[in-house]
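Structure first, commentary second.
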Amino acid sequence: MCLLLGAPGVGKTLLVKRLQKLCSPDCKGDLGDPPSTQPTVGTNLTDIMAPRKITIRELGGCMGPIWSSYCGNCHSLLFMMDASNPTQLSASCVQLLGLLSAQQLSYASVLILFNKIDLPCYMTMEEIRSLIRLPDIIACAKQNITIAEISAHKGTGLTEVLCWLQNQHRSSS
Ligand SMILES: Nc1nc2c(ncn2[C@@H]2O[C@H](COP(=O)(O)OP(=O)(O)OP(=O)(O)O)[C@@H](O)[C@H]2O)c(=O)[nH]1
Ligand SMILES: [Mg+2]
């Protein structure tokens, strides 16, 4: 089970839909136009056939205060931030630090996704690194942390996300 967390509207549901499409036989490298999404109220379970089944549990951003009650039995965590939204960054960072210090996630592998890099105002990796002191976060965390810049809208970086999920699934099964 892979947990997908992040503040409201960062793009979690779109990511899952795009990964599902990427793995579908009719995709053939063309993701097509992005589908519409609705805010997730509660939790959203999706199976991705990659080709083995990977189950992703998205928790709506509005459920932030009770995310921790879903952290048991989680071997991998996708944590998404919106790279085009500087005002949300510090709150997201606090949520990330809370998750990284949670006992139940001590052994989880973590992929931090900076989404929406298709938007003209997005913050570069260098800017984010210094704004939230990312190297310190990675150095202090117990978990193995990977970083990726993506656009769920355009499809940029989604193959790398899929590879990461496949690797985690392989090592946890
Ligand atoms: N430009 C751009 N828009 C995106 C991207 N990813 C998601 N969006 C848009 O952002 C909005 C919110 O996306 P969702 O996937 O519903 O966000 P969410 O994180 O699931 O939100 P909650 O379920 O409320 O927690 C939608 O209008 C998406 O189309 C992206 O990479 N680029
Ligand atoms: Mg959602």
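We name chains A, B, ... following the order of the structure tokens; residues begin at 1 in each chain, and ligands are numbered from 1 as shown.
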
Go through the chains and note each residue within 6 Å of ligand 2, using only C-alpha atoms and all ligand atoms, then give the set as a ChimeraX atom specification.
-> /A:12-13,39-40,60

Shell of 7 Å around ligand 1 (only C-alpha atoms and all ligand atoms), written as a JSON list (two decimals) with C-alpha atoms, in the first residue's frame:
```json
[["chain", "number", "residue", "atom", "x", "y", "z"],
["A", 6, "GLY", "CA", -0.47, 16.58, 0.27],
["A", 7, "ALA", "CA", -2.40, 19.82, 0.83],
["A", 8, "PRO", "CA", -5.75, 20.42, -0.91],
["A", 9, "GLY", "CA", -5.48, 21.05, -4.64],
["A", 10, "VAL", "CA", -1.81, 20.10, -5.10],
["A", 11, "GLY", "CA", -2.78, 17.54, -7.76],
["A", 12, "LYS", "CA", -2.96, 14.14, -6.05],
["A", 13, "THR", "CA", -6.10, 12.88, -7.77],
["A", 14, "LEU", "CA", -4.86, 14.00, -11.17],
["A", 15, "LEU", "CA", -1.56, 12.22, -10.58],
["A", 34, "PRO", "CA", -5.93, 15.80, -18.47],
["A", 36, "SER", "CA", -11.17, 16.82, -14.60],
["A", 37, "THR", "CA", -10.99, 16.17, -10.85],
["A", 38, "GLN", "CA", -13.08, 16.98, -7.80],
["A", 39, "PRO", "CA", -11.68, 17.65, -4.31],
["A", 40, "THR", "CA", -11.29, 14.33, -2.51],
["A", 41, "VAL", "CA", -13.47, 14.16, 0.56],
["A", 59, "LEU", "CA", -6.22, 11.02, 1.41],
["A", 60, "GLY", "CA", -7.94, 14.32, 0.65],
["A", 61, "GLY", "CA", -5.94, 17.36, 1.68],
["A", 62, "CYS", "CA", -8.87, 18.45, 3.82],
["A", 115, "ASN", "CA", 3.99, 19.29, -8.96],
["A", 116, "LYS", "CA", 2.70, 21.90, -11.43],
["A", 117, "ILE", "CA", 6.06, 22.75, -12.96],
["A", 118, "ASP", "CA", 4.19, 23.50, -16.20],
["A", 119, "LEU", "CA", 2.93, 26.75, -14.69],
["A", 150, "ILE", "CA", 6.60, 16.73, -12.10],
["A", 151, "SER", "CA", 3.60, 18.00, -13.97],
["A", 152, "ALA", "CA", 0.58, 15.75, -13.62],
["A", 153, "HIS", "CA", -1.06, 18.06, -16.15],
["A", 154, "LYS", "CA", 1.52, 17.66, -18.93]]
```

Write out as a list in words each polymer residue whose atoms come within 8 Å of Lys142 in chain A, counting only C-alpha atoms; drop sequence neighbours fewer than 4 positions from it.
-> Leu100, Ser106 and Tyr107 of chain A

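For the pair CA of Asn85 in chain A and CA of Pro120 in chain A, the interatomic distance is 11.3 Å.
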
For Arg52 in chain A: contacts at 12 Å, only C-alpha atoms, fewer than 6 positions along chain excluded, given as a ChimeraX atom specification = /A:23,162,165-170,173
